[in-house]
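**Q** One structure, as structure tokens, below. Some questions next.
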Amino acid sequence: MKYLRFLIVGVVFGIVLVKSEAVSWYRIYEMFRFESFHMYGIIASAVLTGIILLQLSRKIKLKNTEGTLMRVPKKEKGFIRHIVGGTIFGLGWALAGACPGPMYILVGTGVFSIFIVIIAAIGGTYLYGILRDKLPH
Amino acid sequence: MQPILEPWPWYVTGPLIALIMYILIYFGKTFGMSSNLSTFCAIAGAGKKVEFFRFNWRDKKWSLVTVLGAVIGGFIAHFLLSNPTNIEINPETMKSLNEYGFANAGKTLLPSEIYGWNAVFSIKGILILTIGGLLVGFGTRYAGGCTSGHAITGLSSLQMPSLISVIGFFIGGLIMVHIIFPLIF
């Protein structure tokens, strides 16, 4: 039962991403060709709403359901890991047309060939785990 | 009912995505879809060999449940709440795809030239999906997040590492679409 709320959040997330068309390979391709405002609008309005919600919560010292102050995990410092890792991610994002969220959601839309991408992505994550100590961060 | 069946505009879906991120943070968690890929590695026993995966994956059960929900949500949205299901992309985008030999661009969620079974069972097709997935999985862990963790959560909380990562996402995406696509399609 304690997981039900996360199931509901997931369902809403899946519905919103399909209805936004952000799960479509075509929308990603179109975005990187700068031929539509659609994806930029989604990201920009999401970030703007996010900033307002998080700043407001900080101002009124809102507590989360665990009883502590609302807290966003801090991202790890470093430049190389973010610019290089980000670029590698971007290459894959444009090629497969799917980032990790949409990968799972696309399973629900009945595109089972996406499992190849998911398994390869798990493989890529494993590869990073092996090479981590040898990579510049 | 018709407005729900039509695609939803960006100014509705963008804020809704932010709300999903916010609710997860309100529940004391965070919005990051790529972490689940590490969790799958841990479940498969990768922690025995690689230190990076040595964590108790049971702590991440909530996130796996979110993934399960996302799959169900994808089903509901696509099969029950979408009519039509085609993607209305820019005619210019469509033209460029036609030149690449993509027929029926935008008629389905994903191009059959990449995701259809005929493509999957060709050398080129399987390479595209495998390499695409590998790059996403490797890159996201190297950068420490994906679109949800960096572009939405990280930028919303004004974190510099996320801005650098998102710039990276675009460098990679632009190289792929403008330099590599003309070579492979």
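The way I read the labels, and the way they are meant: chains A, B, ... in the order of the structure tokens, residue 1 as the first residue of every chain, and ligand 1 as the first ligand shown, with later ones counted on from there.
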Can you tell me, as JSON, numbers by chain, what residues are no more than 8 Å from Leu163 in chain B when counting only C-alpha atoms, ignoring any on the same chain fewer than 3 positions away?

**A** {"B": [150, 151, 154, 155, 159, 160, 166, 167]}

**Q** Can those selected residues be exported to a file as a PDB file, in the first residue's frame so that it contains C-alpha atoms?

**A**
ATOM      1  CA  HIS B 150      19.279  17.193 -14.928  1.00  0.00           C
ATOM      2  CA  ALA B 151      17.044  19.089 -17.378  1.00  0.00           C
ATOM      3  CA  GLY B 154      18.560  20.098 -11.758  1.00  0.00           C
ATOM      4  CA  LEU B 155      17.623  23.222 -13.708  1.00  0.00           C
ATOM      5  CA  GLN B 159      22.235  23.688 -10.166  1.00  0.00           C
ATOM      6  CA  MET B 160      25.265  24.461 -12.315  1.00  0.00           C
ATOM      7  CA  VAL B 166      22.031  19.918 -20.550  1.00  0.00           C
ATOM      8  CA  ILE B 167      24.449  21.860 -22.745  1.00  0.00           C
TER       9      ILE B 167
END

**Q** Which residues are close to range 28-34 of chain A, i.e. within 8 Å by only C-alpha atoms, leaving aside same-chain residues fewer than 6 positions away? Reply as a list in words.

**A**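 Once the adjacent positions are removed, what remains is Ala22, Tyr40, Trp93, Ala94, Gly97 and Ala98 of chain A; Ile89, Asn90, Thr93, Phe170, Gly173, Leu174, Val177 and His178 of chain B.
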
**Q** Once you have the residues from the selection above, write them out as an mmCIF file, in the first residue's frame, restricted to C-alpha atoms.

**A**
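File written: again_1.cif
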data_model
loop_
_atom_site.group_PDB
_atom_site.id
_atom_site.type_symbol
_atom_site.label_atom_id
_atom_site.label_comp_id
_atom_site.auth_asym_id
_atom_site.auth_seq_id
_atom_site.Cartn_x
_atom_site.Cartn_y
_atom_site.Cartn_z
ATOM 1 C CA ALA A 22 7.835 13.862 -25.853
ATOM 2 C CA TYR A 40 11.487 23.727 -25.987
ATOM 3 C CA TRP A 93 19.073 10.495 -27.128
ATOM 4 C CA ALA A 94 18.951 11.750 -30.726
ATOM 5 C CA GLY A 97 14.901 9.180 -29.896
ATOM 6 C CA ALA A 98 14.244 8.157 -26.323
ATOM 7 C CA ILE B 89 5.700 17.431 -37.091
ATOM 8 C CA ASN B 90 6.874 20.413 -39.083
ATOM 9 C CA THR B 93 11.149 18.037 -40.729
ATOM 10 C CA PHE B 170 22.419 19.432 -26.932
ATOM 11 C CA GLY B 173 22.060 15.710 -30.103
ATOM 12 C CA LEU B 174 23.136 18.329 -32.634
ATOM 13 C CA VAL B 177 21.253 14.893 -36.148
ATOM 14 C CA HIS B 178 23.342 17.268 -38.266
#

**Q** Excluding Ile116 in chain A and its own-chain neighbours fewer than 6 positions away, which residues fall within 8 Å of it when counting only C-alpha atoms? Please give them as a VMD selection string.

**A** chain B and resid 129 to 130 133

**Q** Could the residues in this selection be saved with N, CA and C atoms as a PDB file, in the first residue's frame?

**A**
ATOM      1  N   LEU B 129      19.653   0.747 -32.579  1.00  0.00           N
ATOM      2  CA  LEU B 129      18.994   0.625 -31.274  1.00  0.00           C
ATOM      3  C   LEU B 129      19.989   0.291 -30.163  1.00  0.00           C
ATOM      4  N   THR B 130      20.935  -0.594 -30.470  1.00  0.00           N
ATOM      5  CA  THR B 130      21.900  -1.001 -29.446  1.00  0.00           C
ATOM      6  C   THR B 130      22.849   0.137 -29.097  1.00  0.00           C
ATOM      7  N   GLY B 133      21.027   2.924 -27.237  1.00  0.00           N
ATOM      8  CA  GLY B 133      20.800   2.572 -25.840  1.00  0.00           C
ATOM      9  C   GLY B 133      22.075   2.624 -25.014  1.00  0.00           C
TER      10      GLY B 133
END

**Q** Give the answer as one residue: which of B:Gly168, B:Pro3, B:Pro182, B:Gly101 has the shortest atom-to-atom distance to chain A, using only C-alpha atoms?

**A**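 The answer is B:Gly168, which sits nearest to chain A.
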
**Q** Identify, on the basis of only C-alpha atoms, every residue whose closest approach to range 57-65 of chain B does not exceed 6 Å; exclude the query and any residue fewer than 3 positions from it along the same chain; express the result as JSON, numbers by chain.

**A** {"A": [7], "B": [39, 68]}

**Q** For range 105-114 of chain A, work out the shell of residues within 6 Å, counting only C-alpha atoms and skipping chain neighbours fewer than 3 positions away, then give it as a list in words.

**A**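 Surrounding residues, per the criterion: Gly14, Pro102 and Val117 of chain A; Ala70, Val71, Ile72, Gly74, Phe75, His78 and Tyr115 of chain B.
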
**Q** Ranking A:Gly90, A:Ile60, A:Arg27, A:Leu131 by minimum distance to chain B and counting only C-alpha atoms, which one comes first?

**A**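 Between A:Gly90, A:Ile60, A:Arg27, A:Leu131, the residue approaching chain B most closely is A:Gly90.
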
**Q** Can you list, as an NGL selection string, every residue of chain A that DSSP puts in alpha helix (DSSP H)?

**A** :A and (4-20 or 25-32 or 38-59 or 80-96 or 100-108 or 114-131)

**Q** Would you mind exporting the chosen residues as a tab-separated table (two decimals), in the first residue's frame, restricted to C-alpha atoms?

**A**
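Writing the result to out_20.tsv gives the following:
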chain	number	residue	atom	x	y	z
A	4	LEU	CA	0.51	3.01	-4.26
A	5	ARG	CA	1.23	6.74	-4.41
A	6	PHE	CA	4.35	6.08	-6.49
A	7	LEU	CA	2.36	3.89	-8.84
A	8	ILE	CA	-0.14	6.73	-9.33
A	9	VAL	CA	2.66	9.28	-9.92
A	10	GLY	CA	4.12	6.91	-12.51
A	11	VAL	CA	0.80	6.46	-14.29
A	12	VAL	CA	0.31	10.24	-14.49
A	13	PHE	CA	3.90	10.66	-15.72
A	14	GLY	CA	3.33	8.07	-18.46
A	15	ILE	CA	0.10	9.68	-19.58
A	16	VAL	CA	1.55	13.21	-19.60
A	17	LEU	CA	4.64	12.21	-21.60
A	18	VAL	CA	2.61	10.36	-24.23
A	19	LYS	CA	0.08	13.19	-24.51
A	20	SER	CA	2.94	15.72	-24.78
A	25	TRP	CA	11.39	9.93	-31.89
A	26	TYR	CA	10.06	12.49	-34.39
A	27	ARG	CA	9.71	15.22	-31.76
A	28	ILE	CA	13.31	14.73	-30.62
A	29	TYR	CA	14.57	14.84	-34.20
A	30	GLU	CA	12.50	17.96	-34.89
A	31	MET	CA	13.83	19.61	-31.71
A	32	PHE	CA	17.47	19.10	-32.68
A	38	HIS	CA	7.08	22.25	-28.99
A	39	MET	CA	9.85	20.46	-27.04
A	40	TYR	CA	11.49	23.73	-25.99
A	41	GLY	CA	8.12	24.90	-24.70
A	42	ILE	CA	7.71	21.72	-22.64
A	43	ILE	CA	11.18	21.95	-21.10
A	44	ALA	CA	11.05	25.71	-20.51
A	45	SER	CA	7.57	25.72	-18.94
A	46	ALA	CA	8.49	22.69	-16.81
A	47	VAL	CA	11.66	24.35	-15.53
A	48	LEU	CA	9.91	27.67	-14.90
A	49	THR	CA	7.11	25.97	-12.96
A	50	GLY	CA	9.70	23.89	-11.10
A	51	ILE	CA	11.70	26.95	-10.07
A	52	ILE	CA	8.58	28.72	-8.78
A	53	LEU	CA	7.36	25.66	-6.83
A	54	LEU	CA	10.75	24.93	-5.25
A	55	GLN	CA	11.52	28.56	-4.38
A	56	LEU	CA	8.07	29.05	-2.89
A	57	SER	CA	8.40	25.89	-0.78
A	58	ARG	CA	11.75	27.09	0.48
A	59	LYS	CA	10.34	30.47	1.39
A	80	ILE	CA	34.33	17.05	-17.53
A	81	ARG	CA	31.87	14.39	-16.38
A	82	HIS	CA	28.92	16.65	-17.11
A	83	ILE	CA	29.99	18.00	-20.46
A	84	VAL	CA	31.38	14.69	-21.80
A	85	GLY	CA	28.74	12.47	-20.19
A	86	GLY	CA	26.06	14.89	-21.34
A	87	THR	CA	27.35	14.84	-24.91
A	88	ILE	CA	27.43	11.03	-24.96
A	89	PHE	CA	23.90	10.99	-23.61
A	90	GLY	CA	22.78	13.51	-26.25
A	91	LEU	CA	24.20	11.38	-29.06
A	92	GLY	CA	22.17	8.41	-27.86
A	93	TRP	CA	19.07	10.49	-27.13
A	94	ALA	CA	18.95	11.75	-30.73
A	95	LEU	CA	19.78	8.35	-32.24
A	96	ALA	CA	17.29	6.24	-30.30
A	100	PRO	CA	15.24	6.81	-19.88
A	101	GLY	CA	11.70	7.94	-18.92
A	102	PRO	CA	10.17	7.48	-22.39
A	103	MET	CA	11.97	4.14	-22.80
A	104	TYR	CA	9.76	2.57	-20.15
A	105	ILE	CA	6.65	4.45	-21.23
A	106	LEU	CA	7.05	3.25	-24.83
A	107	VAL	CA	6.77	-0.35	-23.60
A	108	GLY	CA	3.23	0.53	-22.56
A	114	ILE	CA	12.25	-0.61	-27.29
A	115	PHE	CA	13.36	-3.48	-25.03
A	116	ILE	CA	16.54	-3.65	-27.12
A	117	VAL	CA	17.24	-0.01	-26.27
A	118	ILE	CA	16.45	-0.60	-22.58
A	119	ILE	CA	18.74	-3.64	-22.35
A	120	ALA	CA	21.50	-1.75	-24.19
A	121	ALA	CA	21.03	1.20	-21.81
A	122	ILE	CA	21.40	-1.12	-18.81
A	123	GLY	CA	24.54	-2.44	-20.52
A	124	GLY	CA	25.83	1.11	-20.99
A	125	THR	CA	25.23	1.86	-17.32
A	126	TYR	CA	27.09	-1.32	-16.36
A	127	LEU	CA	29.96	-0.31	-18.64
A	128	TYR	CA	30.17	3.03	-16.85
A	129	GLY	CA	30.27	1.21	-13.50
A	130	ILE	CA	33.26	-0.83	-14.69
A	131	LEU	CA	35.15	2.10	-16.21

**Q** Considering only C-alpha atoms, return as a PyMOL selection string whatever protein or nucleic-acid residues lie within 10 Å of Gly78 in chain A, sequence-local ones (same chain, fewer than 5 positions apart) excluded.

**A** (chain A and resi 83+136-137) or (chain B and resi 143+160-161+164)

**Q** List the neighbours of Gly145 in chain B out to 7 Å using only C-alpha atoms; skip same-chain residues closer than 4 positions along the sequence, and give me the result as a PyMOL selection string.

**A** chain B and resi 32+34+140-141+149-150

**Q** Could you please take those selected residues and save N, CA and C atoms as a PDB file, in the first residue's frame?

**A**
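Okay, this is what ended up in out_9.pdb:
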ATOM      1  N   GLY B  32      14.228  11.083 -11.061  1.00  0.00           N
ATOM      2  CA  GLY B  32      15.382  10.705 -11.872  1.00  0.00           C
ATOM      3  C   GLY B  32      15.162   9.321 -12.443  1.00  0.00           C
ATOM      4  N   SER B  34      16.863   7.705 -14.865  1.00  0.00           N
ATOM      5  CA  SER B  34      17.992   6.872 -15.280  1.00  0.00           C
ATOM      6  C   SER B  34      18.573   6.063 -14.124  1.00  0.00           C
ATOM      7  N   THR B 140      24.334   8.893 -19.347  1.00  0.00           N
ATOM      8  CA  THR B 140      23.524   9.406 -18.251  1.00  0.00           C
ATOM      9  C   THR B 140      24.195   9.161 -16.893  1.00  0.00           C
ATOM     10  N   ARG B 141      24.859   7.997 -16.757  1.00  0.00           N
ATOM     11  CA  ARG B 141      25.527   7.737 -15.473  1.00  0.00           C
ATOM     12  C   ARG B 141      26.799   8.578 -15.349  1.00  0.00           C
ATOM     13  N   GLY B 149      16.434  14.050 -14.378  1.00  0.00           N
ATOM     14  CA  GLY B 149      17.292  14.430 -13.258  1.00  0.00           C
ATOM     15  C   GLY B 149      18.020  15.745 -13.454  1.00  0.00           C
ATOM     16  N   HIS B 150      18.534  15.962 -14.667  1.00  0.00           N
ATOM     17  CA  HIS B 150      19.279  17.193 -14.928  1.00  0.00           C
ATOM     18  C   HIS B 150      18.401  18.307 -15.510  1.00  0.00           C
TER      19      HIS B 150
END

**Q** If I take CA of Gly137 in chain B and CA of Gly14 in chain B, how far is one from the other in Å, to one decimal?

**A**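 CA of Gly137 in chain B sits 24.3 Å away from CA of Gly14 in chain B.
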
**Q** Just to confirm, what's the straight-line distance from CA of Glu35 in chain A to CA of Pro91 in chain B in Å (one decimal)?

**A**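 One can read the CA of Glu35 in chain A to CA of Pro91 in chain B distance as 9.1 Å.
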
**Q** Could you work out how far CA of Tyr26 in chain B lies from CA of Lys63 in chain A, giving the answer in Å with one decimal?

**A**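 So the answer is 7.6 Å.
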